[in-house]
Amino acid sequence: MSLQTARSMPVARSRKRISRAARLTSSGLAYAVLIALSFLAIAPIVWMLMSSLKGYSEFKLNPWLWPREWQWGNYTRVWKNADFGLYFTNSLIMVTGSVSLMVIVGSMAGYALARYQFKGRESLLYYFIAGQIVPGQVVLVPLFILIRFLGMLNTRHGLMLVYLAAAMPFVVFMMQGFFRSIPKELEEAARIDGASELRIFWQIMLPLVRPGIGTLAIFQGMWIWNEFLFALLFANKPELRTLPIGIFSVIGQYFTDYPVYFAGLSVATLPVVVLYVLSSKYLVRGGLAGAVKG
Amino acid sequence: MLSRKLRRWAWAFLTPALVVYTVFWVLALVAGLGLGTTKWTGYGPITFVGLDNIKNILRDVHFWQSLGRNVRYGALNTIFGLTMGLGTALLIDRVQRLRLLFRTAIYLPVVLSWVIVMFLFRWLFNPTFGLLNPLLRALGLGALAVNWLIDMRSLFYLVCAIAIWKSYPVSTITFYAALQNVSKELKEAAYIDGADELRCTWYVVLPMLKPVAAVVISLSLMDAFRVFEPFFVLGGAGGGLGNLDLDVIAALLYRRAFGQFMLGNASALGFILFILTMTVSIVYLRTLGRSED
């Protein structure tokens with residue numbers, strides 16, 4: 001490289017003016033491509049939302065245009081007649097329950113691994129992380145037998161336990177990372193003051209890692225909101241179905257009224273999109289940590 | 001080392017996570033290996049059959065067809081993830097304004113549910129009501145308009161395309177983060193030496209992204225074997241078992257286990273899936289270890 005650049009040195013100055021014009025055009029090109037890619041990413045969702053607000057005949061006439069008359073009735077219909085209210089509640093319960101469990105159980109384990117020096121600590125951490133390379137499908141059949149044996153098939157707590165176990169590798173790894181960044185003096189001072197271990201964890205350490213836990217919780221919550229395979233297998237009773245399973249199983253019946261169909265898809269999509277947009281700044285970072293770690 | 005009392009606290013904090021994870025993940029994995037050597041419908045007696053399941057799978061034409069789909073999907077996903085991911089990341093890194101907006105918009109498909117995405121596209125590609133064929137005709141590409149949902153060859157590549165649309169932004173964000181760590185001084189030095197932008201990117205920036213590229217490649221290769229939802233959901237809408245002509249290994253496993261109640265066969269398939277992903281992970285960790293030396 002140095003040879004080439006040395007050769008081009010004398011012409012560098014005369015080139016400057018041309019290169020500025022070139023820079024501007026190529027910069028415009030960069031914006032154009034990025035706008036196109038953004039459009040490609042967003043357009044299907046915007047189109048779905050648009051279509052969900054049209055009447056049937058209007059939708060057939062001009063599927064590409066903005067709705068003339070907003071048919072909020074589509075949403076009431078899908079909410080009441082197609083059980084989406086129920087699926088929505090089920091999804092909400094699954095997300096809240098599972099994420100709370102993950103945060104409590106995961107933060108305790110992460111805390112122990114980060115703040116206590118004991119024999120076998122490193123190996124335990126690896127033991128947890130190793131689970132990340134096991135695909136969910138590999139444990140699917142034995143998990144099904146185990147959950148059935150425990151009488152937890154088609155129960156909420158059965159599915160929550162599966163989510164909890166599946167999330168442990170990632171959650172424990174992230175949690176111990178959060179706790180590791182806190183200075184040692186803090187807990188030592190508290191210990192000298194006579195605070196109990198439980199209190200040090202709950203009242204001193206946990207509040208310090210709240211931002212990290214928040215990001216992690218949103219991340220895991222989105223995963224569970226969208227999760228398909230485990231929910232299909234472990235909670236596939238009509239009254240327990242989450243949104244993805246409800247859509248997968250019953251939407252065929254409403255396929256003929258497309259705007260209502262799209263209203264159903266929108267109900268399942270909007271919460272996660274809103275949450276994502278509000279937290280995207282942090283999420284992209286958090287998601288990254290997971291991606292890089294594998 | 002800690003006092004006895006503190007050590008006890010450490011184990012108390014660890015116990016819930018350890019128990020749940022061990023029972024519902026690690027033991028399930030071990031039990032799956034055992035189950036793979038048996039013949040069982042889920043009810044009644046279990047018979048030990050040794051390696052028969054593996055032998056049967058290796059003789060099963062559906063297995064090889066499914067594996068072929070995994071490989072083709074994996075190749076496409078890796079190539080496009082790498083090139084589009086890197087290209088988009090370089091573009092976002094290059095522009096001065098609206099970076100967060102572009103990043104947020106482009107990453108959006110990643111957070112959507114597979115069920116929603118596949119059902120949405122299923123409708124768009126519907127030959128009678130859908131919008132893709134009219135669009136192709138309007139663009140003068142009417143020859144390409146086929147019955148997307150029946151023609152299995154085109155359907156497979158359609159699913160691949162949607163999967164790429166939904167997953168390449170992960171590589172984009174990974175590359176983008178790595179680009180933020182390329183030192184400004186280094187780039188400036190290259191410019192002072194007279195390098196133009198293209199050369200600076202090619203000779204200075206890209207070599208520094210090699211370790212990240214290794215991460216991106218291994219993640220997509222692991223995904224290549226564990227992919228399930230896009231192929232299963234599109235084929236099986238309405239609560240069915242999916243289309244045999246769209247099965248990837250994970251979908252075949254689901255069909256064997258919960259459609260045909262061949263739990264032993266399915267577990268053996270799971271074992272093969274595990275070996276495949278493990279191999280990729282080990283290669284990945286090796287390269288990562290080498291690049292850190």
# chains A, B, ... in the order shown; residues from 1 in each chain; ligands from 1
>>> closest_atom_pairs(of="range 51-160 of chain A", to="range 36-47 of chain A", cutoff="10 Å", atoms="only C-alpha atoms", output="tab-separated table")
residue	atom	partner	partner_atom	distance
A:Ser51	CA	A:Trp47	CA	6.0
A:Ser52	CA	A:Trp47	CA	8.5
A:Pro63	CA	A:Trp47	CA	8.7
A:Trp64	CA	A:Trp47	CA	7.6
A:Leu65	CA	A:Trp47	CA	9.0
A:Trp66	CA	A:Trp47	CA	8.9
>>> select_by_dssp(residues="range 38-283 of chain A", states="alpha helix (DSSP H)", output="count of residues only")
181
>>> atom_distance(atom1="CA of Ala10 in chain B", atom2="CA of Leu29 in chain B")
26.5 Å
>>> atom_distance(atom1="CA of Ser66 in chain B", atom2="CA of Val248 in chain B")
4.4 Å
>>> closest_atom_pairs(of="range 141-183 of chain A", to="range 134-137 of chain A", cutoff="12 Å", atoms="only C-alpha atoms", output="JSON lines")
{"residue": "A:Val141", "atom": "CA", "partner": "A:Gln137", "partner_atom": "CA", "distance": 7.8}
{"residue": "A:Pro142", "atom": "CA", "partner": "A:Gln137", "partner_atom": "CA", "distance": 10.0}
{"residue": "A:Leu143", "atom": "CA", "partner": "A:Gly136", "partner_atom": "CA", "distance": 9.7}
{"residue": "A:Phe144", "atom": "CA", "partner": "A:Gln137", "partner_atom": "CA", "distance": 10.9}
{"residue": "A:Val162", "atom": "CA", "partner": "A:Gly136", "partner_atom": "CA", "distance": 10.0}
{"residue": "A:Tyr163", "atom": "CA", "partner": "A:Gly136", "partner_atom": "CA", "distance": 10.3}
{"residue": "A:Ala165", "atom": "CA", "partner": "A:Gly136", "partner_atom": "CA", "distance": 10.6}
{"residue": "A:Ala166", "atom": "CA", "partner": "A:Gly136", "partner_atom": "CA", "distance": 7.6}
{"residue": "A:Ala167", "atom": "CA", "partner": "A:Gly136", "partner_atom": "CA", "distance": 10.6}
{"residue": "A:Pro169", "atom": "CA", "partner": "A:Val134", "partner_atom": "CA", "distance": 10.1}
{"residue": "A:Phe170", "atom": "CA", "partner": "A:Val134", "partner_atom": "CA", "distance": 12.0}
>>> write_last_selection(atoms="N, CA, C and O atoms", output="PDB file, in the first residue's frame")
ATOM      1  N   VAL A 141     -37.741 -32.788  21.475  1.00  0.00           N
ATOM      2  CA  VAL A 141     -38.446 -34.033  21.772  1.00  0.00           C
ATOM      3  C   VAL A 141     -38.311 -34.423  23.250  1.00  0.00           C
ATOM      4  O   VAL A 141     -39.325 -34.646  23.918  1.00  0.00           O
ATOM      5  N   PRO A 142     -37.084 -34.489  23.789  1.00  0.00           N
ATOM      6  CA  PRO A 142     -36.976 -34.817  25.219  1.00  0.00           C
ATOM      7  C   PRO A 142     -37.694 -33.801  26.112  1.00  0.00           C
ATOM      8  O   PRO A 142     -38.311 -34.204  27.106  1.00  0.00           O
ATOM      9  N   LEU A 143     -37.630 -32.537  25.743  1.00  0.00           N
ATOM     10  CA  LEU A 143     -38.331 -31.521  26.541  1.00  0.00           C
ATOM     11  C   LEU A 143     -39.830 -31.802  26.556  1.00  0.00           C
ATOM     12  O   LEU A 143     -40.487 -31.691  27.587  1.00  0.00           O
ATOM     13  N   PHE A 144     -40.345 -32.168  25.392  1.00  0.00           N
ATOM     14  CA  PHE A 144     -41.768 -32.466  25.282  1.00  0.00           C
ATOM     15  C   PHE A 144     -42.140 -33.624  26.209  1.00  0.00           C
ATOM     16  O   PHE A 144     -43.113 -33.557  26.969  1.00  0.00           O
ATOM     17  N   VAL A 162     -39.617 -23.620  30.205  1.00  0.00           N
ATOM     18  CA  VAL A 162     -38.819 -23.886  29.015  1.00  0.00           C
ATOM     19  C   VAL A 162     -38.110 -22.606  28.558  1.00  0.00           C
ATOM     20  O   VAL A 162     -36.916 -22.610  28.263  1.00  0.00           O
ATOM     21  N   TYR A 163     -38.858 -21.496  28.529  1.00  0.00           N
ATOM     22  CA  TYR A 163     -38.241 -20.216  28.155  1.00  0.00           C
ATOM     23  C   TYR A 163     -37.102 -19.855  29.097  1.00  0.00           C
ATOM     24  O   TYR A 163     -36.045 -19.388  28.677  1.00  0.00           O
ATOM     25  N   ALA A 165     -35.222 -21.821  30.932  1.00  0.00           N
ATOM     26  CA  ALA A 165     -34.046 -22.664  30.711  1.00  0.00           C
ATOM     27  C   ALA A 165     -33.329 -22.257  29.423  1.00  0.00           C
ATOM     28  O   ALA A 165     -32.105 -22.129  29.392  1.00  0.00           O
ATOM     29  N   ALA A 166     -34.116 -21.993  28.373  1.00  0.00           N
ATOM     30  CA  ALA A 166     -33.521 -21.661  27.082  1.00  0.00           C
ATOM     31  C   ALA A 166     -32.773 -20.336  27.136  1.00  0.00           C
ATOM     32  O   ALA A 166     -31.802 -20.135  26.424  1.00  0.00           O
ATOM     33  N   ALA A 167     -33.246 -19.419  27.999  1.00  0.00           N
ATOM     34  CA  ALA A 167     -32.653 -18.083  28.040  1.00  0.00           C
ATOM     35  C   ALA A 167     -31.429 -18.016  28.951  1.00  0.00           C
ATOM     36  O   ALA A 167     -30.662 -17.055  28.872  1.00  0.00           O
ATOM     37  N   PRO A 169     -28.379 -19.354  29.209  1.00  0.00           N
ATOM     38  CA  PRO A 169     -27.021 -19.094  28.730  1.00  0.00           C
ATOM     39  C   PRO A 169     -26.780 -17.616  28.443  1.00  0.00           C
ATOM     40  O   PRO A 169     -25.818 -17.030  28.938  1.00  0.00           O
ATOM     41  N   PHE A 170     -27.671 -17.024  27.674  1.00  0.00           N
ATOM     42  CA  PHE A 170     -27.492 -15.620  27.299  1.00  0.00           C
ATOM     43  C   PHE A 170     -27.683 -14.693  28.498  1.00  0.00           C
ATOM     44  O   PHE A 170     -26.857 -13.809  28.748  1.00  0.00           O
TER      45      PHE A 170
END
>>> atom_distance(atom1="CA of Ser26 in chain A", atom2="CA of Ile164 in chain B")
26.2 Å
>>> residues_around(residues="range 50-55 of chain B", least_positions_apart="3", cutoff="7 Å", atoms="only C-alpha atoms", output="list in words")
Gly36, Thr37, Thr38, Leu58, Arg59, Gly264, Asn265 and Ala268 of chain B
>>> write_last_selection(atoms="all heavy atoms", output="mmCIF file, in the first residue's frame")
data_model
loop_
_atom_site.group_PDB
_atom_site.id
_atom_site.type_symbol
_atom_site.label_atom_id
_atom_site.label_comp_id
_atom_site.auth_asym_id
_atom_site.auth_seq_id
_atom_site.Cartn_x
_atom_site.Cartn_y
_atom_site.Cartn_z
ATOM 1 N N GLY B 36 -32.355 -41.204 20.900
ATOM 2 C CA GLY B 36 -32.008 -41.420 19.496
ATOM 3 C C GLY B 36 -31.648 -42.858 19.188
ATOM 4 O O GLY B 36 -31.613 -43.247 18.024
ATOM 5 N N THR B 37 -31.377 -43.652 20.204
ATOM 6 C CA THR B 37 -31.032 -45.058 19.971
ATOM 7 C C THR B 37 -32.236 -45.965 20.207
ATOM 8 O O THR B 37 -32.080 -47.168 20.354
ATOM 9 C CB THR B 37 -29.897 -45.501 20.905
ATOM 10 O OG1 THR B 37 -30.372 -45.398 22.258
ATOM 11 C CG2 THR B 37 -28.663 -44.659 20.746
ATOM 12 N N THR B 38 -33.440 -45.375 20.289
ATOM 13 C CA THR B 38 -34.612 -46.196 20.586
ATOM 14 C C THR B 38 -35.689 -46.011 19.526
ATOM 15 O O THR B 38 -35.584 -45.134 18.662
ATOM 16 C CB THR B 38 -35.248 -45.794 21.928
ATOM 17 O OG1 THR B 38 -35.775 -44.468 21.808
ATOM 18 C CG2 THR B 38 -34.261 -45.857 23.057
ATOM 19 N N LEU B 58 -29.789 -41.877 7.221
ATOM 20 C CA LEU B 58 -28.813 -41.703 6.145
ATOM 21 C C LEU B 58 -29.291 -42.345 4.843
ATOM 22 O O LEU B 58 -28.785 -42.045 3.774
ATOM 23 C CB LEU B 58 -27.454 -42.272 6.562
ATOM 24 C CG LEU B 58 -26.781 -41.525 7.722
ATOM 25 C CD1 LEU B 58 -25.442 -42.142 8.070
ATOM 26 C CD2 LEU B 58 -26.612 -40.046 7.400
ATOM 27 N N ARG B 59 -30.260 -43.258 4.944
ATOM 28 C CA ARG B 59 -30.806 -43.882 3.741
ATOM 29 C C ARG B 59 -32.067 -43.159 3.252
ATOM 30 O O ARG B 59 -32.581 -43.471 2.189
ATOM 31 C CB ARG B 59 -31.137 -45.349 4.044
ATOM 32 C CG ARG B 59 -30.104 -46.313 3.467
ATOM 33 C CD ARG B 59 -30.551 -47.748 3.644
ATOM 34 N NE ARG B 59 -29.907 -48.353 4.795
ATOM 35 C CZ ARG B 59 -30.543 -49.047 5.745
ATOM 36 N NH1 ARG B 59 -31.859 -49.187 5.680
ATOM 37 N NH2 ARG B 59 -29.882 -49.573 6.742
ATOM 38 N N GLY B 264 -37.873 -41.654 18.356
ATOM 39 C CA GLY B 264 -36.474 -42.078 18.276
ATOM 40 C C GLY B 264 -35.806 -41.513 17.040
ATOM 41 O O GLY B 264 -34.723 -40.920 17.109
ATOM 42 N N ASN B 265 -36.474 -41.653 15.913
ATOM 43 C CA ASN B 265 -35.950 -41.132 14.659
ATOM 44 C C ASN B 265 -35.728 -39.624 14.749
ATOM 45 O O ASN B 265 -34.684 -39.096 14.337
ATOM 46 C CB ASN B 265 -36.941 -41.477 13.539
ATOM 47 C CG ASN B 265 -36.426 -41.112 12.167
ATOM 48 O OD1 ASN B 265 -36.297 -39.942 11.864
ATOM 49 N ND2 ASN B 265 -36.119 -42.121 11.360
ATOM 50 N N ALA B 268 -32.704 -38.803 16.826
ATOM 51 C CA ALA B 268 -31.465 -39.049 16.083
ATOM 52 C C ALA B 268 -31.213 -37.911 15.099
ATOM 53 O O ALA B 268 -30.073 -37.476 14.914
ATOM 54 C CB ALA B 268 -31.547 -40.387 15.360
#
>>> closest_residue(among="A:Ile192, A:Leu49, A:Val78, A:Leu161", to="chain B", atoms="only C-alpha atoms")
A:Leu161
>>> closest_residue(among="A:Ser266, A:Thr155, A:Ser57, A:Thr25", to="chain B", atoms="only C-alpha atoms")
A:Ser266
